[in-house]
file coords_6.txt (compact mmCIF, C-alpha atoms)
# COMPACT_ATOMS: atom_id res chain seq x y z
CA MET J 39 -96.79 -30.65 -25.13
CA THR J 40 -93.18 -29.60 -25.64
CA ASN J 41 -91.85 -32.94 -24.41
CA GLU J 42 -94.13 -34.68 -26.87
CA THR J 43 -92.87 -32.43 -29.68
CA ILE J 44 -89.27 -33.24 -28.81
CA LYS J 45 -90.08 -36.95 -28.71
CA ASN J 46 -91.76 -36.79 -32.13
CA LEU J 47 -88.80 -34.94 -33.64
CA GLN J 48 -86.35 -37.46 -32.21
CA GLU J 49 -88.37 -40.31 -33.72
CA ALA J 50 -88.43 -38.51 -37.05
CA LEU J 51 -84.65 -38.15 -36.99
CA ILE J 52 -84.27 -41.90 -36.48
CA VAL J 53 -86.01 -42.32 -39.80
CA SER J 54 -84.22 -39.37 -41.46
CA PRO J 55 -80.91 -38.79 -39.61
CA ASP J 56 -79.47 -36.49 -42.35
CA ASN J 57 -82.39 -34.04 -42.23
CA ILE J 58 -80.41 -30.95 -41.19
CA PRO J 59 -83.36 -28.51 -40.85
CA LEU J 60 -85.23 -31.02 -38.71
CA ARG J 61 -82.22 -31.57 -36.42
CA LEU J 62 -81.64 -27.81 -36.08
CA HIS J 63 -85.31 -27.34 -35.20
CA LEU J 64 -85.00 -29.99 -32.47
CA ALA J 65 -81.82 -28.38 -31.11
CA ASP J 66 -83.50 -24.95 -31.00
CA ILE J 67 -86.46 -26.32 -29.04
CA MET J 68 -84.11 -28.05 -26.61
CA THR J 69 -82.26 -24.77 -26.09
CA GLN J 70 -85.54 -23.00 -25.38
CA GLU J 71 -86.32 -25.69 -22.82
CA ARG J 72 -82.85 -25.26 -21.25
CA MET J 73 -81.83 -28.78 -22.28
CA TYR J 74 -78.40 -27.43 -23.13
CA ALA J 75 -76.43 -30.69 -23.07
CA GLU J 76 -78.96 -32.36 -25.35
CA ALA J 77 -79.05 -29.32 -27.64
CA ALA J 78 -75.25 -29.31 -27.86
CA GLU J 79 -75.31 -32.96 -28.91
CA GLN J 80 -77.77 -32.17 -31.74
CA TYR J 81 -75.73 -29.17 -32.95
CA ARG J 82 -72.60 -31.34 -33.00
CA GLU J 83 -74.47 -33.94 -35.06
CA VAL J 84 -75.39 -31.23 -37.58
CA LEU J 85 -71.73 -30.14 -37.80
CA ASN J 86 -70.62 -33.76 -38.30
CA ARG J 87 -72.82 -33.86 -41.39
CA ASN J 88 -72.39 -30.24 -42.48
CA TYR J 89 -69.38 -28.60 -40.78
CA GLY J 90 -69.88 -25.16 -42.35
CA ASN J 91 -73.36 -24.74 -40.92
CA THR J 92 -73.19 -21.31 -39.23
CA LYS J 93 -76.48 -21.69 -37.41
CA ALA J 94 -75.31 -24.91 -35.78
CA LYS J 95 -72.02 -23.32 -34.71
CA ILE J 96 -73.78 -20.35 -33.13
CA GLY J 97 -76.25 -22.66 -31.41
CA LEU J 98 -73.45 -24.88 -30.10
CA ALA J 99 -71.55 -21.87 -28.73
CA GLU J 100 -74.72 -20.71 -26.94
CA ALA J 101 -75.19 -24.19 -25.44
CA TYR J 102 -71.55 -24.19 -24.31
CA TYR J 103 -72.07 -20.80 -22.65
CA TYR J 104 -74.98 -22.10 -20.56
CA LEU J 105 -73.02 -25.27 -19.79
CA GLN J 106 -70.25 -22.96 -18.49
CA LYS J 107 -67.81 -24.22 -21.12
CA TYR J 108 -66.65 -20.69 -21.82
CA SER J 109 -63.35 -21.50 -23.51
CA ALA J 110 -65.06 -23.84 -25.98
CA ALA J 111 -67.69 -21.19 -26.73
CA ILE J 112 -65.00 -18.53 -27.27
CA VAL J 113 -63.25 -20.71 -29.89
CA ILE J 114 -66.47 -20.84 -31.92
CA TYR J 115 -67.34 -17.17 -31.41
CA GLU J 116 -63.86 -16.07 -32.49
CA GLU J 117 -64.19 -18.08 -35.69
CA LEU J 118 -67.53 -16.42 -36.47
CA GLN J 119 -67.06 -13.03 -34.83
CA HIS J 120 -67.77 -11.07 -38.02
CA GLN J 121 -70.93 -13.07 -38.70
CA LEU J 122 -72.45 -13.00 -35.23
CA PRO J 123 -75.87 -11.45 -34.58
CA PRO J 124 -76.03 -8.96 -31.65
CA ASP J 125 -77.43 -11.53 -29.18
CA SER J 126 -74.51 -13.86 -29.83
CA MET J 127 -72.04 -10.98 -29.49
CA VAL J 128 -73.47 -10.33 -26.03
CA LEU J 129 -72.92 -13.98 -25.04
CA PHE J 130 -69.42 -13.78 -26.56
CA THR J 131 -68.72 -10.76 -24.34
CA ARG J 132 -69.94 -12.58 -21.25
CA CYS J 133 -67.72 -15.58 -22.04
CA LEU J 134 -64.71 -13.30 -22.37
CA ILE J 135 -65.50 -11.64 -19.05
CA ARG J 136 -65.70 -15.00 -17.32
CA GLU J 137 -62.33 -15.95 -18.82
CA ASN J 138 -60.95 -12.57 -17.66
CA SER J 139 -60.21 -11.40 -21.22
CA LEU J 140 -61.51 -7.91 -20.47
CA GLN J 141 -59.84 -6.01 -23.31
CA GLN J 142 -61.23 -8.36 -25.93
CA ALA J 143 -64.59 -8.20 -24.16
CA VAL J 144 -64.51 -4.40 -24.44
CA GLU J 145 -63.85 -4.63 -28.19
CA ILE J 146 -66.78 -6.99 -28.80
CA TYR J 147 -69.13 -5.06 -26.53
CA GLN J 148 -68.27 -1.82 -28.32
CA ARG J 149 -69.51 -3.43 -31.54
CA VAL J 150 -72.79 -4.28 -29.80
CA ILE J 151 -73.13 -0.64 -28.71
CA ALA J 152 -72.29 0.57 -32.22
CA LEU J 153 -75.14 -1.55 -33.64
CA ASN J 154 -77.53 -0.53 -30.87
CA PRO J 155 -76.42 2.64 -29.01
CA GLY J 156 -79.21 2.29 -26.47
CA PHE J 157 -78.29 -1.25 -25.48
CA ARG J 158 -77.68 -1.90 -21.77
CA ASP J 159 -76.63 -5.04 -19.94
CA GLU J 160 -76.32 -4.67 -16.19
CA GLU J 161 -73.87 -7.53 -15.75
CA ILE J 162 -71.55 -6.45 -18.59
CA ASP J 163 -71.76 -2.75 -17.74
CA ALA J 164 -70.72 -3.49 -14.15
CA LYS J 165 -67.57 -5.21 -15.43
CA LEU J 166 -66.61 -3.14 -18.45
CA ARG J 167 -67.91 0.38 -18.02
CA MET J 168 -65.99 2.75 -15.75
CA PRO J 169 -68.30 4.05 -12.99
CA GLY J 170 -69.15 7.72 -13.43
CA ALA J 171 -67.50 7.98 -16.84
CA GLY J 172 -70.72 8.49 -18.75
CA ILE J 173 -72.56 6.42 -21.31
CA GLN J 174 -71.27 7.08 -24.78
CA THR J 175 -69.71 5.43 -27.80
CA ASP J 176 -66.00 4.81 -27.90
CA GLU J 177 -65.27 7.29 -30.67
CA GLY J 178 -63.69 9.74 -28.23
CA SER J 179 -61.53 7.34 -26.24
CA VAL J 180 -57.77 7.78 -26.34
CA ASP J 181 -55.41 4.86 -26.71
CA ALA J 182 -51.87 5.31 -25.44
CA ASP J 183 -50.48 3.45 -28.45
CA ILE J 184 -51.90 6.00 -30.89
CA MET J 185 -52.04 9.10 -28.68
CA SER J 186 -50.50 12.14 -30.30
CA ASP J 187 -49.68 15.66 -29.14
CA ASN J 188 -53.00 16.80 -30.58
CA ASP J 189 -54.95 14.60 -28.17
CA ILE J 190 -54.09 16.80 -25.18
CA PHE J 191 -53.66 20.54 -24.77
CA MET J 192 -50.02 21.50 -24.42
CA GLU J 193 -48.91 25.10 -24.04
CA LYS J 194 -45.85 27.24 -23.46
CA PRO J 195 -46.96 29.67 -20.69
CA THR J 196 -45.96 33.31 -21.04
CA ILE J 197 -46.25 34.00 -17.30
CA ASN J 198 -43.59 33.29 -14.67
CA PHE J 199 -43.13 33.82 -10.95
CA ASP J 200 -42.96 37.59 -11.42
CA SER J 201 -46.57 37.40 -12.65
CA VAL J 202 -47.74 35.80 -9.40
CA GLY J 203 -48.74 38.10 -6.58
CA GLY J 204 -47.36 37.03 -3.20
CA MET J 205 -46.84 33.29 -2.62
CA GLN J 206 -43.16 33.82 -1.82
CA ARG J 207 -42.89 30.76 0.42
CA ILE J 208 -44.55 28.57 -2.22
CA LYS J 209 -42.29 29.91 -4.99
CA GLU J 210 -39.22 29.08 -2.90
CA GLU J 211 -40.46 25.53 -2.20
CA ILE J 212 -41.18 24.90 -5.87
CA SER J 213 -37.85 26.43 -6.86
CA ILE J 214 -35.73 24.21 -4.63
CA LYS J 215 -37.66 21.06 -5.52
CA ILE J 216 -38.32 21.56 -9.23
CA ILE J 217 -36.69 24.60 -10.82
CA GLN J 218 -33.16 24.63 -9.45
CA PRO J 219 -32.43 20.99 -10.41
CA LEU J 220 -33.02 22.00 -14.03
CA LYS J 221 -30.98 25.20 -13.78
CA ASN J 222 -28.10 23.57 -11.86
CA PRO J 223 -28.07 19.93 -13.02
CA ASP J 224 -24.39 19.31 -12.22
CA LEU J 225 -24.76 20.53 -8.65
CA TYR J 226 -27.81 18.37 -8.03
CA LYS J 227 -26.15 15.42 -9.73
CA ALA J 228 -23.25 15.72 -7.31
CA PHE J 229 -25.73 15.26 -4.46
CA GLY J 230 -27.47 12.41 -6.26
CA LYS J 231 -30.63 14.41 -6.95
CA LYS J 232 -32.46 14.10 -10.26
CA ALA J 233 -34.43 16.75 -12.09
CA GLY J 234 -38.07 15.87 -11.60
CA GLY J 235 -40.40 14.86 -8.84
CA GLY J 236 -43.77 15.87 -7.56
CA ILE J 237 -45.37 18.60 -5.49
CA LEU J 238 -48.91 18.48 -4.17
CA LEU J 239 -50.54 21.89 -3.68
CA TYR J 240 -53.54 22.01 -1.40
CA GLY J 241 -55.76 24.67 0.05
CA PRO J 242 -59.09 26.41 -0.38
CA PRO J 243 -60.39 26.89 -3.93
CA GLY J 244 -59.53 30.02 -5.87
CA CYS J 245 -56.17 30.70 -4.22
CA GLY J 246 -54.01 30.31 -7.32
CA LYS J 247 -52.89 26.67 -7.32
CA THR J 248 -53.36 26.32 -11.08
CA TYR J 249 -51.85 29.74 -11.73
CA ILE J 250 -48.65 28.99 -9.80
CA ALA J 251 -48.33 25.66 -11.63
CA ARG J 252 -48.57 27.41 -15.00
CA ALA J 253 -46.09 30.06 -13.82
CA THR J 254 -43.68 27.27 -12.84
CA ALA J 255 -43.60 26.07 -16.44
CA GLY J 256 -43.06 29.64 -17.63
CA GLU J 257 -40.24 30.13 -15.15
CA ILE J 258 -38.18 27.36 -16.77
CA ASN J 259 -39.51 27.80 -20.32
CA ALA J 260 -41.06 24.35 -20.22
CA ARG J 261 -44.17 22.98 -21.83
CA PHE J 262 -47.28 22.79 -19.65
CA ILE J 263 -49.94 20.09 -19.76
CA SER J 264 -53.00 20.50 -17.55
CA ILE J 265 -54.88 17.27 -16.90
CA GLY J 266 -58.35 16.85 -15.44
CA LEU J 267 -60.39 13.78 -14.61
CA HIS J 268 -62.20 13.98 -17.98
CA ASP J 269 -58.86 13.64 -19.82
CA ILE J 270 -58.18 10.29 -18.18
CA LEU J 271 -61.39 8.45 -17.41
CA ASP J 272 -62.83 6.36 -20.20
CA MET J 273 -66.09 4.47 -20.08
CA TRP J 274 -64.25 1.21 -20.79
CA VAL J 275 -62.22 -0.65 -18.21
CA GLY J 276 -58.53 -0.63 -19.12
CA ASN J 277 -58.66 2.42 -21.39
CA SER J 278 -58.24 4.89 -18.51
CA GLU J 279 -54.91 3.32 -17.61
CA LYS J 280 -53.85 3.58 -21.27
CA ASN J 281 -54.85 7.24 -21.36
CA LEU J 282 -52.80 7.96 -18.25
CA HIS J 283 -49.77 6.15 -19.65
CA GLY J 284 -50.12 8.05 -22.93
CA ILE J 285 -50.17 11.40 -21.16
CA PHE J 286 -47.00 10.58 -19.22
CA GLU J 287 -45.33 9.36 -22.42
CA ILE J 288 -46.02 12.66 -24.16
CA ALA J 289 -44.65 14.57 -21.18
CA ARG J 290 -41.48 12.44 -21.27
CA GLN J 291 -41.06 13.04 -24.99
CA HIS J 292 -41.31 16.81 -24.48
CA ALA J 293 -39.18 17.20 -21.34
CA PRO J 294 -38.70 19.56 -19.65
CA CYS J 295 -42.43 19.49 -19.15
CA VAL J 296 -44.69 20.43 -16.26
CA LEU J 297 -47.51 17.92 -15.91
CA PHE J 298 -50.28 19.41 -13.81
CA PHE J 299 -53.12 17.33 -12.37
CA ASP J 300 -56.03 19.46 -11.21
CA GLU J 301 -58.36 18.10 -8.52
CA VAL J 302 -56.05 15.11 -8.11
CA ASP J 303 -58.25 13.77 -5.30
CA ALA J 304 -60.78 12.79 -7.99
CA ILE J 305 -58.11 10.72 -9.76
CA GLY J 306 -56.09 9.52 -6.78
CA ALA J 307 -58.80 8.96 -4.20
CA SER J 308 -57.92 6.77 -1.26
CA ARG J 309 -58.18 3.16 -2.37
CA SER J 310 -59.63 2.16 0.99
CA ASP J 311 -62.66 4.32 0.17
CA LEU J 312 -63.20 2.83 -3.28
CA ARG J 313 -65.68 0.07 -3.91
CA GLN J 314 -64.97 -0.15 -7.63
CA SER J 315 -61.82 -2.10 -8.48
CA ALA J 316 -61.60 -0.26 -11.82
CA MET J 317 -60.59 2.99 -10.12
CA ARG J 318 -58.04 1.14 -8.02
CA HIS J 319 -56.37 0.04 -11.26
CA VAL J 320 -56.25 3.67 -12.41
CA ILE J 321 -54.59 4.72 -9.14
CA ASN J 322 -52.07 1.89 -9.37
CA GLN J 323 -51.25 2.98 -12.92
CA PHE J 324 -50.81 6.56 -11.73
CA LEU J 325 -48.38 5.44 -9.03
CA ALA J 326 -46.42 3.30 -11.50
CA GLU J 327 -46.12 6.23 -13.91
CA MET J 328 -44.89 8.54 -11.14
CA ASP J 329 -42.31 5.92 -10.15
CA GLY J 330 -41.10 5.83 -13.75
CA VAL J 331 -41.65 2.09 -14.07
CA GLY J 332 -40.35 1.16 -17.51
CA ALA J 333 -39.46 4.76 -18.43
CA SER J 334 -37.44 7.67 -17.07
CA ASN J 335 -39.23 10.69 -15.65
CA ASP J 336 -36.15 12.92 -15.82
CA GLY J 337 -37.29 16.40 -16.70
CA VAL J 338 -40.97 15.61 -16.07
CA LEU J 339 -42.09 17.93 -13.29
CA ILE J 340 -45.32 16.78 -11.72
CA LEU J 341 -47.54 19.24 -9.92
CA ALA J 342 -50.99 18.48 -8.58
CA ALA J 343 -53.68 20.50 -6.85
CA THR J 344 -56.45 19.47 -4.52
CA ASN J 345 -58.97 21.10 -2.24
CA ALA J 346 -59.22 17.87 -0.24
CA PRO J 347 -55.76 16.44 0.55
CA TRP J 348 -57.30 14.13 3.14
CA SER J 349 -59.03 12.27 0.28
CA VAL J 350 -55.82 11.54 -1.62
CA ASP J 351 -54.39 8.02 -1.27
CA PRO J 352 -51.43 8.14 1.18
CA ALA J 353 -49.33 6.17 -1.33
CA PHE J 354 -49.08 9.34 -3.42
CA ARG J 355 -47.08 11.02 -0.65
CA ARG J 356 -44.27 8.48 -0.52
CA PRO J 357 -40.71 9.59 -1.46
CA GLY J 358 -40.28 10.09 -5.18
CA ARG J 359 -43.96 10.85 -5.69
CA PHE J 360 -45.73 13.88 -4.18
CA ASP J 361 -43.15 13.99 -1.43
CA ARG J 362 -43.52 17.75 -1.00
CA VAL J 363 -46.99 18.84 0.13
CA ILE J 364 -47.49 22.61 0.16
CA PHE J 365 -50.35 24.55 1.72
CA VAL J 366 -51.56 27.35 -0.57
CA GLU J 367 -53.28 29.76 1.80
CA PRO J 368 -55.39 32.76 0.85
CA PRO J 369 -53.19 35.74 -0.11
CA ASP J 370 -51.99 37.97 2.74
CA GLU J 371 -52.65 41.70 2.81
CA SER J 372 -49.69 42.73 0.66
CA ALA J 373 -50.46 39.97 -1.85
CA ARG J 374 -54.12 41.03 -1.99
CA GLU J 375 -53.03 44.58 -2.73
CA GLU J 376 -50.72 43.35 -5.49
CA ILE J 377 -53.49 41.17 -6.96
CA LEU J 378 -56.00 44.02 -6.91
CA ARG J 379 -53.57 46.38 -8.62
CA GLY J 380 -53.00 43.78 -11.34
CA MET J 381 -56.73 43.27 -11.87
CA LEU J 382 -57.46 47.02 -12.06
CA HIS J 383 -54.49 48.24 -14.08
CA ASP J 384 -56.29 48.18 -17.46
CA LYS J 385 -59.68 49.38 -16.18
CA PRO J 386 -61.03 52.93 -15.79
CA VAL J 387 -60.27 53.74 -12.15
CA LYS J 388 -60.05 56.93 -10.12
CA ASP J 389 -58.66 57.47 -6.62
CA ILE J 390 -58.42 53.76 -5.86
CA ASP J 391 -56.91 52.88 -2.49
CA THR J 392 -55.97 49.24 -3.06
CA ARG J 393 -54.23 49.07 0.31
CA LYS J 394 -57.46 49.96 2.09
CA ILE J 395 -59.42 47.32 0.18
CA ALA J 396 -56.70 44.78 0.92
CA ARG J 397 -57.04 45.51 4.66
CA GLU J 398 -60.82 45.01 4.47
CA THR J 399 -60.63 41.65 2.70
CA PRO J 400 -59.00 39.11 5.06
CA ASP J 401 -59.51 35.47 4.01
CA TYR J 402 -60.44 36.51 0.45
CA SER J 403 -58.97 34.28 -2.22
CA GLY J 404 -57.72 35.53 -5.57
CA ALA J 405 -60.99 34.34 -7.09
CA ASP J 406 -62.92 36.30 -4.44
CA LEU J 407 -60.97 39.47 -5.28
CA LYS J 408 -61.79 38.96 -8.93
CA ALA J 409 -65.46 38.67 -7.98
CA LEU J 410 -65.22 42.06 -6.18
CA VAL J 411 -63.73 43.70 -9.26
CA ASP J 412 -66.36 42.09 -11.50
CA ILE J 413 -69.18 43.39 -9.28
CA ALA J 414 -67.73 46.90 -9.36
CA VAL J 415 -67.19 46.75 -13.13
CA GLU J 416 -70.77 45.61 -13.79
CA GLU J 417 -72.13 48.42 -11.62
CA LYS J 418 -70.05 51.01 -13.47
CA LEU J 419 -71.11 49.61 -16.82
CA ARG J 420 -74.75 50.10 -15.87
CA GLU J 421 -74.06 53.65 -14.69
CA SER J 422 -72.08 54.46 -17.84
CA MET J 423 -74.87 53.23 -20.09
CA SER J 424 -77.45 55.13 -18.05
CA THR J 425 -75.56 58.45 -18.04
CA GLY J 426 -74.03 58.13 -21.48
CA SER J 427 -70.54 58.86 -20.15
CA LEU J 428 -67.69 56.75 -18.78
CA GLN J 429 -67.96 56.23 -15.02
CA TYR J 430 -64.77 55.40 -13.10
CA ILE J 431 -64.34 52.69 -10.48
CA THR J 432 -63.57 54.14 -7.05
CA THR J 433 -62.64 52.80 -3.64
CA LYS J 434 -66.26 53.16 -2.52
CA ASP J 435 -67.39 50.91 -5.37
CA LEU J 436 -65.05 48.15 -4.24
CA GLN J 437 -66.12 48.61 -0.61
CA LYS J 438 -69.70 48.23 -1.71
CA ALA J 439 -68.74 45.01 -3.52
CA VAL J 440 -67.08 43.71 -0.33
CA LYS J 441 -70.43 43.95 1.43
CA GLN J 442 -72.06 41.92 -1.34
CA HIS J 443 -69.44 39.16 -1.69
CA LYS J 444 -68.10 37.32 1.36
CA PRO J 445 -64.94 35.16 1.27
CA THR J 446 -65.58 31.65 -0.04
CA THR J 447 -62.59 30.22 1.85
CA LEU J 448 -64.37 30.19 5.22
CA GLU J 449 -66.41 27.09 4.44
CA TRP J 450 -63.25 25.24 3.40
CA PHE J 451 -61.44 26.19 6.60
CA SER J 452 -64.34 24.98 8.74
CA SER J 453 -63.80 21.46 7.31
CA ALA J 454 -60.02 21.65 7.15
CA ARG J 455 -59.83 22.71 10.79
CA ASN J 456 -61.29 19.37 11.93
CA TYR J 457 -58.77 17.38 9.88
CA ALA J 458 -55.91 19.53 11.15
CA LEU J 459 -56.98 19.00 14.77
CA TYR J 460 -58.07 15.37 14.76
CA ALA J 461 -56.44 13.63 11.75
CA ASN J 462 -53.00 15.16 11.74
CA GLU J 463 -50.73 12.52 13.25
CA SER J 464 -47.97 13.16 10.69
CA GLY J 465 -48.18 16.94 11.03
CA LEU J 466 -49.26 17.25 7.40
CA TYR J 467 -51.81 19.94 8.21
CA ASP J 468 -49.77 21.98 10.67
CA ASP J 469 -49.73 24.88 8.21
CA ILE J 470 -53.53 25.05 8.46
CA LEU J 471 -53.33 25.34 12.24
CA LYS J 472 -50.64 27.97 11.90
CA PHE J 473 -52.75 29.98 9.49
CA LEU J 474 -55.76 29.73 11.81
CA LYS J 475 -53.53 30.63 14.78
CA ILE J 476 -54.51 27.45 16.63
CA LYS J 477 -52.04 25.85 19.01
CA LYS J 478 -52.02 22.07 19.26
call {"tool": "encode", "arguments": {"input": "coords_6.txt", "output": "structure tokens"}}
result
Amino acid sequence: MTNETIKNLQEALIVSPDNIPLRLHLADIMTQERMYAEAAEQYREVLNRNYGNTKAKIGLAEAYYYLQKYSAAIVIYEELQHQLPPDSMVLFTRCLIRENSLQQAVEIYQRVIALNPGFRDEEIDAKLRMPGAGIQTDEGSVDADIMSDNDIFMEKPTINFDSVGGMQRIKEEISIKIIQPLKNPDLYKAFGKKAGGGILLYGPPGCGKTYIARATAGEINARFISIGLHDILDMWVGNSEKNLHGIFEIARQHAPCVLFFDEVDAIGASRSDLRQSAMRHVINQFLAEMDGVGASNDGVLILAATNAPWSVDPAFRRPGRFDRVIFVEPPDESAREEILRGMLHDKPVKDIDTRKIARETPDYSGADLKALVDIAVEEKLRESMSTGSLQYITTKDLQKAVKQHKPTTLEWFSSARNYALYANESGLYDDILKFLKIKK
């Protein structure tokens, strides 16, 4: 029946070749029947007689898309981009993807989403949306060209190394790599060493990696920027790299500045483990920024923390990047005592033997010690409300809390031990073996 309809319309056009509505109707039917070459010929005939006919232009661009003439379709879509219906904008986006014009594709697809927030297209999403970055509008994305200081949280820490309990070895490593070059620039310049560089802190969670990074900034009176995965990843391909570049640019403008990347394994995961090319681009951008490609990183001190150093791409550990990798172990006995005293100094306590508690808490992280204090505080709050008088925290209360809260570092060490024993060709994890008192 359709073939007969097409034949009748063609015969009618022989009689009335300038009948624009009739020719458009024929072209539309041909498109529905996937006769794209024939439809394109009819749309071109309409434009020969009436060049400004928008419907014919949109129809011709659609025919070109299905004929895989993507460049020709893009020319038409660009001319009409502010007049296109949503369906045509989707085809425009697909053409741009096939021509590898991803940034322009993102812009057009964002307009589709703005018109219909619930719209999904599996093919386009796979190319343009960052995996795991959420489904949202682009109102919150950050562009490096317009990024300002207000787009990220920058602070001037009031703590320094004196505020950090223990960690003497780590403080010395950070000092020689990061702090002393700033305090003695002429001396380091004489040896050809620049102020800047990167340190990767790794170890079980809750052992003060973030705290020591913040204290580093305070030690040299520098600004501190803490960056997480959510500050970088954008749902649109290409924007994450811009965000990362913008963050580094702000750090360079405010040098000396400590740029701290928390959970860097989420940002710099090993590229061999990644299936999505989009994240590989983010990692490559990260490496380029650390190398100072196109800009100087003098005075930008880069610290990063991870609980899983074995998941970080090895390229991050090359000279000039995170070339110093430091194991942040749970605090030793004296450090635990110092941490406990600091946590209890402004609380109602009586006859507290912090040394005894420190001896009874091997493998406890700083976060674990805080959990002990919190448990004891909550118990004393309940007692105080019940009796109507202030109840003091005692050694027995903390010992009771020790029985309730076990160290969270043990699970981490059970995994880390295997890497240290069987994936440690470069000796990177020797400090783990030393801490566990294991001989290779």
call {"tool": "closest_residue", "arguments": {"input": "coords_6.txt", "among": "J:Val387, J:Leu220, J:Ile288, J:Ile265", "to": "J:Asp336", "atoms": "all atoms listed in the file"}}
result
J:Leu220
call {"tool": "atom_distance", "arguments": {"input": "coords_6.txt", "atom1": "atom CA of J:Lys388", "atom2": "atom CA of J:Thr432"}}
result
5.4 Å
call {"tool": "residues_near_point", "arguments": {"input": "coords_6.txt", "point": "(-75.4, -35.6, -30.2)", "cutoff": "12 Å", "atoms": "all atoms listed in the file", "output": "PyMOL selection string"}}
result
chain J and resi 48+51+55+61-62+64-65+74-87+98
call {"tool": "atom_distance", "arguments": {"input": "coords_6.txt", "atom1": "atom CA of J:Ile208", "atom2": "atom CA of J:Asn335"}}
result
23.0 Å
call {"tool": "residues_near_point", "arguments": {"input": "coords_6.txt", "point": "(-44.4, 32.6, -21.3)", "cutoff": "10 Å", "atoms": "only C-alpha atoms", "output": "ChimeraX atom specification"}}
result
/J:193-198,252-253,255-261
call {"tool": "closest_atom_pairs", "arguments": {"input": "coords_6.txt", "of": "stretch 199-273 of chain J", "to": "stretch 366-373 of chain J", "cutoff": "12 Å", "atoms": "only C-alpha atoms", "output": "CSV"}}
result
residue,atom,partner,partner_atom,distance
J:Ser201,CA,J:Ala373,CA,11.8
J:Val202,CA,J:Ala373,CA,9.0
J:Gly203,CA,J:Ala373,CA,5.4
J:Gly204,CA,J:Ala373,CA,4.5
J:Met205,CA,J:Pro369,CA,7.3
J:Gln206,CA,J:Ala373,CA,9.5
J:Arg207,CA,J:Val366,CA,9.4
J:Ile208,CA,J:Val366,CA,7.3
J:Lys209,CA,J:Val366,CA,10.6
J:Glu211,CA,J:Val366,CA,11.4
J:Ile212,CA,J:Val366,CA,11.9
J:Ile237,CA,J:Val366,CA,11.8
J:Leu238,CA,J:Val366,CA,9.9
J:Leu239,CA,J:Val366,CA,6.4
J:Tyr240,CA,J:Val366,CA,5.8
J:Gly241,CA,J:Val366,CA,5.0
J:Pro242,CA,J:Glu367,CA,7.1
J:Pro243,CA,J:Pro368,CA,9.1
J:Gly244,CA,J:Pro368,CA,8.4
J:Cys245,CA,J:Pro368,CA,5.5
J:Gly246,CA,J:Val366,CA,7.8
J:Lys247,CA,J:Val366,CA,6.9
J:Thr248,CA,J:Val366,CA,10.7
J:Tyr249,CA,J:Val366,CA,11.4
J:Ile250,CA,J:Val366,CA,9.8
J:Ala251,CA,J:Val366,CA,11.6
call {"tool": "atom_distance", "arguments": {"input": "coords_6.txt", "atom1": "atom CA of J:Asn345", "atom2": "atom CA of J:Glu301"}}
result
7.0 Å
call {"tool": "closest_residue", "arguments": {"input": "coords_6.txt", "among": "J:Arg158, J:Ser109, J:Lys215, J:Leu129", "to": "J:Ile96", "atoms": "all atoms listed in the file"}}
result
J:Leu129
call {"tool": "closest_residue", "arguments": {"input": "coords_6.txt", "among": "J:Asn462, J:Asn88, J:Lys477, J:Val144", "to": "J:Asp56", "atoms": "only C-alpha atoms"}}
result
J:Asn88
call {"tool": "residues_around", "arguments": {"input": "coords_6.txt", "residues": "J:Ile135", "least_positions_apart": "3", "cutoff": "12 Å", "atoms": "all atoms listed in the file", "output": "PyMOL selection string"}}
result
chain J and resi 103+108-109+112+128-132+138-147+161-166+275
